[in-house]
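Printed here is target.cif (mmCIF, C-alpha atoms):
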data_query
loop_
_atom_site.label_atom_id
_atom_site.label_comp_id
_atom_site.auth_asym_id
_atom_site.auth_seq_id
_atom_site.Cartn_x
_atom_site.Cartn_y
_atom_site.Cartn_z
CA MET G 37 0.00 0.00 0.00
CA SER G 38 1.48 3.37 -1.04
CA THR G 39 1.63 6.38 1.29
CA GLY G 40 -1.15 8.07 -0.68
CA GLU G 41 -3.41 5.06 -0.24
CA LYS G 42 -2.69 4.96 3.51
CA TYR G 43 -3.73 8.60 3.89
CA LEU G 44 -6.79 7.92 1.75
CA ALA G 45 -7.78 5.02 4.02
CA ALA G 46 -7.18 7.22 7.09
CA ALA G 47 -9.50 9.94 5.76
CA TYR G 48 -12.31 7.45 5.06
CA LEU G 49 -11.77 5.75 8.44
CA VAL G 50 -12.18 9.11 10.19
CA LEU G 51 -15.64 9.46 8.68
CA PHE G 52 -16.70 5.91 9.62
CA ALA G 53 -15.29 6.31 13.13
CA ALA G 54 -17.28 9.53 13.54
CA VAL G 55 -20.52 7.80 12.53
CA LEU G 56 -19.76 4.88 14.88
CA VAL G 57 -19.02 7.23 17.79
CA TYR G 58 -22.28 9.02 17.05
CA VAL G 59 -24.22 5.72 17.14
CA VAL G 60 -22.61 4.87 20.51
CA LEU G 61 -23.50 8.32 21.89
CA ILE G 62 -27.09 7.98 20.68
CA SER G 63 -27.41 4.55 22.32
CA LEU G 64 -26.08 6.00 25.60
CA LYS G 65 -28.59 8.83 25.33
CA LEU G 66 -31.43 6.36 24.71
CA THR G 67 -30.39 4.38 27.81
CA ARG G 68 -30.44 7.58 29.88
CA ILE G 69 -33.85 8.59 28.50
CA GLU G 70 -35.25 5.15 29.31
CA ARG G 71 -33.88 5.40 32.88
CA GLU G 72 -35.36 8.89 33.34
CA LEU G 73 -38.69 7.76 31.92
CA THR G 74 -38.82 4.83 34.37
CA GLU G 75 -38.04 7.24 37.22
CA LEU G 76 -40.77 9.67 36.09
CA ALA G 77 -43.30 6.84 35.72
CA ARG G 78 -42.46 5.78 39.30
CA LEU G 79 -42.92 9.37 40.52
CA ALA G 80 -46.27 9.63 38.74
CA GLU G 81 -47.35 6.32 40.25
CA GLU G 82 -46.37 7.52 43.76
CA ARG G 83 -48.35 10.72 43.25
CA ARG G 84 -51.43 8.83 42.16
CA GLY G 85 -51.12 6.38 45.08
CA GLY G 86 -50.36 8.84 47.85
CA MET Y 83 -48.64 7.99 2.46
CA SER Y 84 -47.60 11.26 4.09
CA THR Y 85 -48.42 9.89 7.56
CA TRP Y 86 -46.42 6.77 6.83
CA LEU Y 87 -43.49 8.91 5.66
CA ARG Y 88 -43.74 11.14 8.72
CA ASN Y 89 -43.67 8.15 11.05
CA ASN Y 90 -40.89 6.34 9.20
CA GLY Y 91 -38.92 9.33 7.91
CA ALA Y 92 -35.76 8.43 9.83
CA VAL Y 93 -35.83 4.85 8.52
CA VAL Y 94 -36.31 6.03 4.92
CA LEU Y 95 -33.52 8.61 5.26
CA ALA Y 96 -31.14 6.14 6.93
CA SER Y 97 -31.78 3.52 4.23
CA ALA Y 98 -31.22 6.06 1.46
CA ALA Y 99 -28.04 7.27 3.20
CA ALA Y 100 -26.71 3.70 3.49
CA VAL Y 101 -27.37 2.94 -0.21
CA LEU Y 102 -25.87 6.25 -1.37
CA LEU Y 103 -22.83 5.93 0.91
CA VAL Y 104 -22.00 2.43 -0.32
CA THR Y 105 -22.55 3.51 -3.95
CA GLY Y 106 -20.46 6.66 -3.44
CA LEU Y 107 -17.67 4.70 -1.78
CA GLY Y 108 -17.62 2.16 -4.62
CA LEU Y 109 -17.55 4.89 -7.26
CA ALA Y 110 -14.90 6.95 -5.46
CA LEU Y 111 -12.52 4.07 -4.77
CA LEU Y 112 -13.09 1.77 -7.74
CA TRP Y 113 -14.62 3.67 -10.66
CA ALA Y 114 -13.48 7.30 -10.70
CA PRO Y 115 -10.20 7.79 -12.59
CA GLU Y 116 -7.04 8.49 -10.63
CA ASP Y 117 -5.84 12.09 -10.69
CA ALA Y 118 -2.66 12.43 -12.76
CA ASP Y 119 -1.03 14.93 -10.37
CA GLN Y 120 -2.08 13.79 -6.92
CA GLY Y 121 -2.53 10.03 -7.36
CA PRO Y 122 -4.77 8.07 -4.94
CA SER Y 123 -4.81 10.80 -2.26
CA GLN Y 124 -7.00 12.95 -4.57
CA ARG Y 125 -9.85 10.55 -3.76
CA ILE Y 126 -10.06 12.24 -0.34
CA PHE Y 127 -11.78 14.99 -2.34
CA TYR Y 128 -14.92 12.78 -2.56
CA ILE Y 129 -15.44 12.96 1.19
CA HIS Y 130 -13.68 16.19 2.17
CA VAL Y 131 -15.66 18.50 -0.12
CA PRO Y 132 -19.13 16.95 0.58
CA VAL Y 133 -18.40 17.05 4.33
CA ALA Y 134 -17.35 20.73 4.09
CA LEU Y 135 -20.42 21.65 2.00
CA THR Y 136 -22.64 19.84 4.53
CA ALA Y 137 -21.12 21.91 7.34
CA TYR Y 138 -21.97 25.09 5.38
CA VAL Y 139 -25.53 23.80 4.81
CA PHE Y 140 -25.97 23.20 8.55
CA PHE Y 141 -24.65 26.64 9.51
CA GLY Y 142 -26.94 28.19 6.89
CA TRP Y 143 -29.90 26.14 8.17
CA ALA Y 144 -29.12 27.26 11.74
CA ALA Y 145 -29.17 30.88 10.61
CA TRP Y 146 -32.46 30.37 8.73
CA LYS Y 147 -34.10 28.81 11.80
CA ALA Y 148 -32.71 31.60 13.97
CA PHE Y 149 -34.24 34.10 11.57
CA ARG Y 150 -37.60 32.25 11.82
CA LEU Y 151 -37.43 32.41 15.60
CA LEU Y 152 -36.76 36.14 15.64
CA TRP Y 153 -39.18 37.05 12.88
CA LYS Y 154 -42.09 34.62 13.27
CA ARG Y 155 -41.65 33.92 17.01
CA ASP Y 156 -41.58 30.23 16.13
CA ASP Y 157 -40.51 28.59 19.42
CA ARG Y 158 -39.67 25.24 17.81
CA ALA Y 159 -37.03 26.99 15.72
CA ASP Y 160 -34.76 27.45 18.75
CA LEU Y 161 -34.13 23.72 19.15
CA GLU Y 162 -33.86 23.30 15.36
CA SER Y 163 -31.28 26.08 15.10
CA TYR Y 164 -29.33 24.67 18.07
CA THR Y 165 -29.34 21.16 16.54
CA ALA Y 166 -28.15 22.54 13.19
CA VAL Y 167 -25.24 24.35 14.87
CA HIS Y 168 -24.43 21.15 16.79
CA MET Y 169 -24.35 19.08 13.59
CA GLY Y 170 -22.50 21.83 11.69
CA VAL Y 171 -19.73 21.79 14.29
CA ILE Y 172 -19.43 17.99 14.04
CA PHE Y 173 -19.15 18.23 10.25
CA GLY Y 174 -16.74 21.16 10.73
CA VAL Y 175 -14.43 18.91 12.79
CA LEU Y 176 -14.62 16.26 10.05
CA THR Y 177 -13.80 18.91 7.42
CA LEU Y 178 -10.73 20.05 9.34
CA VAL Y 179 -9.52 16.48 9.98
CA THR Y 180 -10.02 15.17 6.42
CA GLY Y 181 -8.60 18.45 5.05
CA SER Y 182 -5.51 18.09 7.24
CA ILE Y 183 -4.95 14.53 6.06
CA TRP Y 184 -5.21 15.69 2.45
CA ALA Y 185 -2.90 18.66 3.15
CA LYS Y 186 -0.28 16.39 4.70
CA ILE Y 187 -0.04 14.15 1.65
CA SER Y 188 -0.38 16.97 -0.92
CA TRP Y 189 1.55 19.85 0.68
CA GLY Y 190 3.64 17.98 3.27
CA VAL Y 191 2.11 19.85 6.23
CA TRP Y 192 -0.99 19.20 8.37
CA TRP Y 193 -1.91 22.90 8.42
CA THR Y 194 -0.70 26.18 6.96
CA TRP Y 195 -1.63 29.63 8.22
CA SER Y 196 -0.79 31.25 4.87
CA GLU Y 197 -3.94 29.90 3.17
CA ARG Y 198 -6.79 32.31 3.73
CA GLN Y 199 -9.57 29.80 3.03
CA LEU Y 200 -8.25 27.43 5.70
CA VAL Y 201 -8.00 30.19 8.27
CA LEU Y 202 -11.45 31.55 7.35
CA PHE Y 203 -13.01 28.10 7.75
CA LEU Y 204 -11.27 27.74 11.13
CA ILE Y 205 -12.68 31.13 12.19
CA LEU Y 206 -16.17 30.04 11.07
CA PHE Y 207 -15.78 26.77 13.00
CA LEU Y 208 -14.54 28.52 16.16
CA PHE Y 209 -17.33 31.10 15.90
CA TYR Y 210 -19.99 28.38 15.90
CA SER Y 211 -18.13 26.40 18.60
CA ALA Y 212 -18.44 29.46 20.85
CA TYR Y 213 -22.23 29.31 20.32
CA PHE Y 214 -22.42 26.56 22.97
CA MET Y 215 -20.61 28.70 25.56
CA LEU Y 216 -23.07 31.52 24.95
CA ARG Y 217 -26.08 29.20 25.03
CA TYR Y 218 -25.13 27.49 28.27
CA SER Y 219 -24.10 30.71 30.03
CA THR Y 220 -27.75 31.85 30.21
CA GLU Y 221 -30.79 30.27 31.86
CA PRO Y 222 -33.17 28.30 29.60
CA GLY Y 223 -36.07 30.38 28.34
CA PRO Y 224 -37.05 32.97 25.73
CA ARG Y 225 -34.05 35.19 26.50
CA ARG Y 226 -31.60 32.37 25.84
CA ALA Y 227 -33.46 31.42 22.66
CA ARG Y 228 -33.32 35.00 21.34
CA THR Y 229 -29.64 35.54 22.24
CA SER Y 230 -28.65 32.23 20.63
CA ALA Y 231 -30.69 33.10 17.53
CA VAL Y 232 -29.01 36.49 17.13
CA TYR Y 233 -25.59 34.81 17.43
CA ALA Y 234 -26.44 32.06 14.92
CA LEU Y 235 -27.84 34.65 12.51
CA PHE Y 236 -24.73 36.81 12.85
CA GLY Y 237 -22.62 33.79 11.85
CA ALA Y 238 -24.40 33.76 8.49
CA VAL Y 239 -22.27 36.80 7.55
CA LEU Y 240 -19.17 34.60 7.75
CA LEU Y 241 -20.63 31.90 5.48
CA PRO Y 242 -20.25 33.64 2.08
CA VAL Y 243 -16.86 35.04 3.11
CA SER Y 244 -15.56 31.56 3.97
CA PHE Y 245 -17.22 29.91 0.96
CA LEU Y 246 -16.03 32.52 -1.56
CA ALA Y 247 -12.50 32.60 -0.15
CA ILE Y 248 -11.63 29.54 -2.23
CA ARG Y 249 -12.67 31.42 -5.37
CA LEU Y 250 -11.15 34.78 -4.44
CA ALA Y 251 -7.81 33.56 -3.04
CA GLU Y 252 -4.88 34.42 -5.26
CA GLN Y 253 -2.29 32.06 -3.83
CA LEU Y 254 -3.63 28.61 -4.39
CA LEU Y 255 -2.22 25.72 -2.49
CA HIS Y 256 -5.82 24.74 -1.86
CA PRO Y 257 -7.31 23.17 -5.02
CA ALA Y 258 -9.32 25.37 -7.38
CA PRO Y 259 -13.11 25.51 -7.02
CA LEU Y 260 -15.28 22.78 -8.53
CA PHE Y 261 -17.13 25.13 -10.83
CA ASN Y 262 -16.33 28.17 -12.83
CA ARG Y 263 -18.12 29.87 -15.72
CA ASP Y 264 -17.14 26.99 -18.05
CA GLY Y 265 -18.83 24.33 -15.86
CA PRO Y 266 -17.38 21.59 -13.65
CA GLN Y 267 -13.58 21.54 -13.55
CA MET Y 268 -13.20 17.74 -13.71
CA SER Y 269 -14.03 14.79 -15.92
CA ALA Y 270 -17.66 13.61 -16.23
CA SER Y 271 -16.99 10.41 -14.23
CA MET Y 272 -15.32 12.39 -11.43
CA PHE Y 273 -18.21 14.84 -11.38
CA LEU Y 274 -20.83 12.06 -11.24
CA THR Y 275 -18.92 10.39 -8.38
CA PHE Y 276 -18.75 13.71 -6.56
CA CYS Y 277 -22.52 14.26 -6.98
CA VAL Y 278 -23.32 10.80 -5.56
CA CYS Y 279 -20.94 11.38 -2.61
CA LEU Y 280 -22.49 14.81 -1.97
CA ALA Y 281 -26.01 13.33 -2.04
CA ALA Y 282 -24.84 10.56 0.33
CA MET Y 283 -23.36 13.04 2.79
CA LEU Y 284 -26.41 15.31 2.72
CA THR Y 285 -28.74 12.32 3.27
CA LEU Y 286 -26.57 11.04 6.14
CA ALA Y 287 -26.54 14.55 7.60
CA ALA Y 288 -30.33 14.83 7.32
CA THR Y 289 -30.70 11.46 9.10
CA LEU Y 290 -28.38 12.49 11.94
CA TYR Y 291 -30.10 15.88 12.21
CA ARG Y 292 -33.48 14.23 12.51
CA ILE Y 293 -32.28 11.77 15.18
CA GLU Y 294 -30.49 14.50 17.13
CA LEU Y 295 -33.49 16.84 16.96
CA THR Y 296 -35.84 14.10 18.17
CA GLY Y 297 -33.43 13.34 21.04
CA LYS Y 298 -33.26 16.99 22.06
CA ARG Y 299 -37.06 17.36 21.89
CA VAL Y 300 -37.53 14.24 24.07
CA ASP Y 301 -34.97 15.63 26.53
CA ALA Y 302 -36.85 18.95 26.73
CA ARG Y 303 -40.19 17.18 27.26
CA LEU Y 304 -38.68 14.99 29.99
CA ARG Y 305 -37.31 18.08 31.74
CA GLU Y 306 -40.76 19.70 31.66
CA LEU Y 307 -42.35 16.52 32.97
CA ARG Y 308 -39.81 16.25 35.79
CA GLU Y 309 -40.43 19.88 36.81
CA HIS Y 310 -44.15 19.19 36.78
CA LEU Y 311 -43.86 16.05 38.91
CA THR Y 312 -41.30 17.20 41.48
#

Before anything else, please render the file you have as structure tokens.
Amino acid sequence: MSTGEKYLAAAYLVLFAAVLVYVVLISLKLTRIERELTELARLAEERRGG
Amino acid sequence: MSTWLRNNGAVVLASAAAVLLVTGLGLALLWAPEDADQGPSQRIFYIHVPVALTAYVFFGWAAWKAFRLLWKRDDRADLESYTAVHMGVIFGVLTLVTGSIWAKISWGVWWTWSERQLVLFLILFLFYSAYFMLRYSTEPGPRRARTSAVYALFGAVLLPVSFLAIRLAEQLLHPAPLFNRDGPQMSASMFLTFCVCLAAMLTLAATLYRIELTGKRVDARLRELREHLT
């Protein structure tokens, strides 16, 4: 693989890595939202009960 | 049909982005002819330029939404403008990184301060990066929305300056613009590959924007709900 091809691969990898990182961040955000939603549902349930 | 599209818009966009990205990648790496001067590294062009144009589109979209907020008092536009700046900054980072890789192989340096278009893009990027500091230095509410909108709108002034710098610069280390009065400055196969890659990047960007905006809206609703319940 020539130097030019290595740099070319690096540039394309940067883009794919960015998309992958974004997917990981979105999955973390979804986990947090699910946790918060569970907490809010519990709070609403407590309010209705007491 | 429109309801179906509205409910499944992200899926449609993501599928289109995946197809276009794979097609664009195949065309860029396997089909487009190799540049006689630069060799294989010229193929970075097929991601660097679409990524840079997408960053400009996001900054322009942020300014448009900011304008809508200030003019029409459209409250939803605040979150849309904020999301556009957020995505524009991400694509700005990608522009700087892919540009640096291309500069290293073509010019032998990662960065040069003597190229006006590089410096102007960096200024544009830093300007929009500072947007977050401004936004989070004020309490949530209409005042923050208006201040952020004025800032995002002000950034629109930098857009044509940065974009036109490539055309107006006299010393060109940076490659010449894609178009001039005679049409595209490349072969037909290169131009077709570029168009597919640009469409792929814009579709990917639209998908990410939609996901990010939905996430931010859900966050805002959850915050309201929490305030209501506690």

* Structure fact -> From the list Y:Ala227, Y:Ala282, Y:Ile183, Y:Ala134, the nearest residue to Thr39 (chain G) using only C-alpha atoms is Y:Ile183

* Given only C-alpha atoms as the counted atoms, nearest of G:Ala80, G:Thr74, G:Leu64, G:Gly85 to chain Y -> G:Ala80

* Long-range neighbours of Tyr138 (chain Y) as a list in words, 10 Å cut-off, only C-alpha atoms, 3 positions minimum in chain ->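 Using only C-alpha atoms, the neighbours found are Pro132, Val133, Ala134, Leu135, Phe141, Gly142, Trp143, Ala144, Gly170, Val171, Phe173, Gly174, Phe203, Leu206, Phe207, Ala238, Leu241, Pro242, Ser244 and Phe245 of chain Y.
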
* Asked: Where does the PyMOL selection byres ((chain G) within 9 of (chain Y)) land in this file, that is, which residues does it pick, as number ranges by chain?
  -> G: 38-48, 50-51, 54, 58, 62, 65-66, 69, 72-73, 76, 79-80, 83

* CA of Tyr233 (chain Y) and CA of Ala212 (chain Y), how far apart in Å? ->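 Going from CA of Ala212 (chain Y) over to CA of Tyr233 (chain Y) covers 9.6 Å.
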
* To do: Pick out the residues sitting within 12 Å of region 149-158 of chain Y, and hand them over as number ranges by chain; count only C-alpha atoms, and ignore anything fewer than 6 positions along from it in its own chain.
  => Y: 142-143, 164-165, 223-238, 295-296, 298-299, 302

* Asked: What is the distance between CA of Ala288 (chain Y) and CA of Ser269 (chain Y), in Å to one decimal?
  -> 28.4 Å

* Hey, can you check how far CA of Ala148 (chain Y) sits from CA of Leu161 (chain Y)? ->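 CA of Leu161 (chain Y) lies at a distance of 9.5 Å from CA of Ala148 (chain Y).
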